[in-house]
Amino acid sequence: MTTMISEVYDAFVAAGAPEDKARRAAEAVANYEARFARIDADLLVLKWMTGTILGGVVALVVKAFFA
């Protein structure tokens, strides 16, 4: 079952688009929004991984030069 953003659908209908095309366009926008949400979640994981690796490298450098 496809989801659709009702505000986008209403805006397309108010702009004069046929209902079937407005529904398909609103569903397409909802699909892209879901993709962007997944990409944001993936980026959050990558940020944590990068921070952890950077912290480890800094700890090794500090240990190598100041121990």
# chains A, B, ... in the order shown; residues from 1 in each chain; ligands from 1
call {"tool": "residues_around", "arguments": {"residues": "A:Val13", "least_positions_apart": "6", "cutoff": "10 Å", "atoms": "only C-alpha atoms", "output": "PDB file with C-alpha atoms, in the first residue's frame"}}
result
ATOM      1  CA  GLU A   7      -1.436  18.343   2.095  1.00  0.00           C
ATOM      2  CA  GLU A  19      -7.265  13.908  -9.086  1.00  0.00           C
ATOM      3  CA  ASP A  20      -5.485  10.801 -10.380  1.00  0.00           C
ATOM      4  CA  LYS A  21      -2.358  12.748 -11.310  1.00  0.00           C
ATOM      5  CA  ALA A  22      -2.463  14.652  -8.015  1.00  0.00           C
ATOM      6  CA  ARG A  23      -2.676  11.353  -6.114  1.00  0.00           C
TER       7      ARG A  23
END
call {"tool": "atom_distance", "arguments": {"atom1": "atom CA of A:Ala67", "atom2": "atom CA of A:Lys47"}}
result
29.0 Å
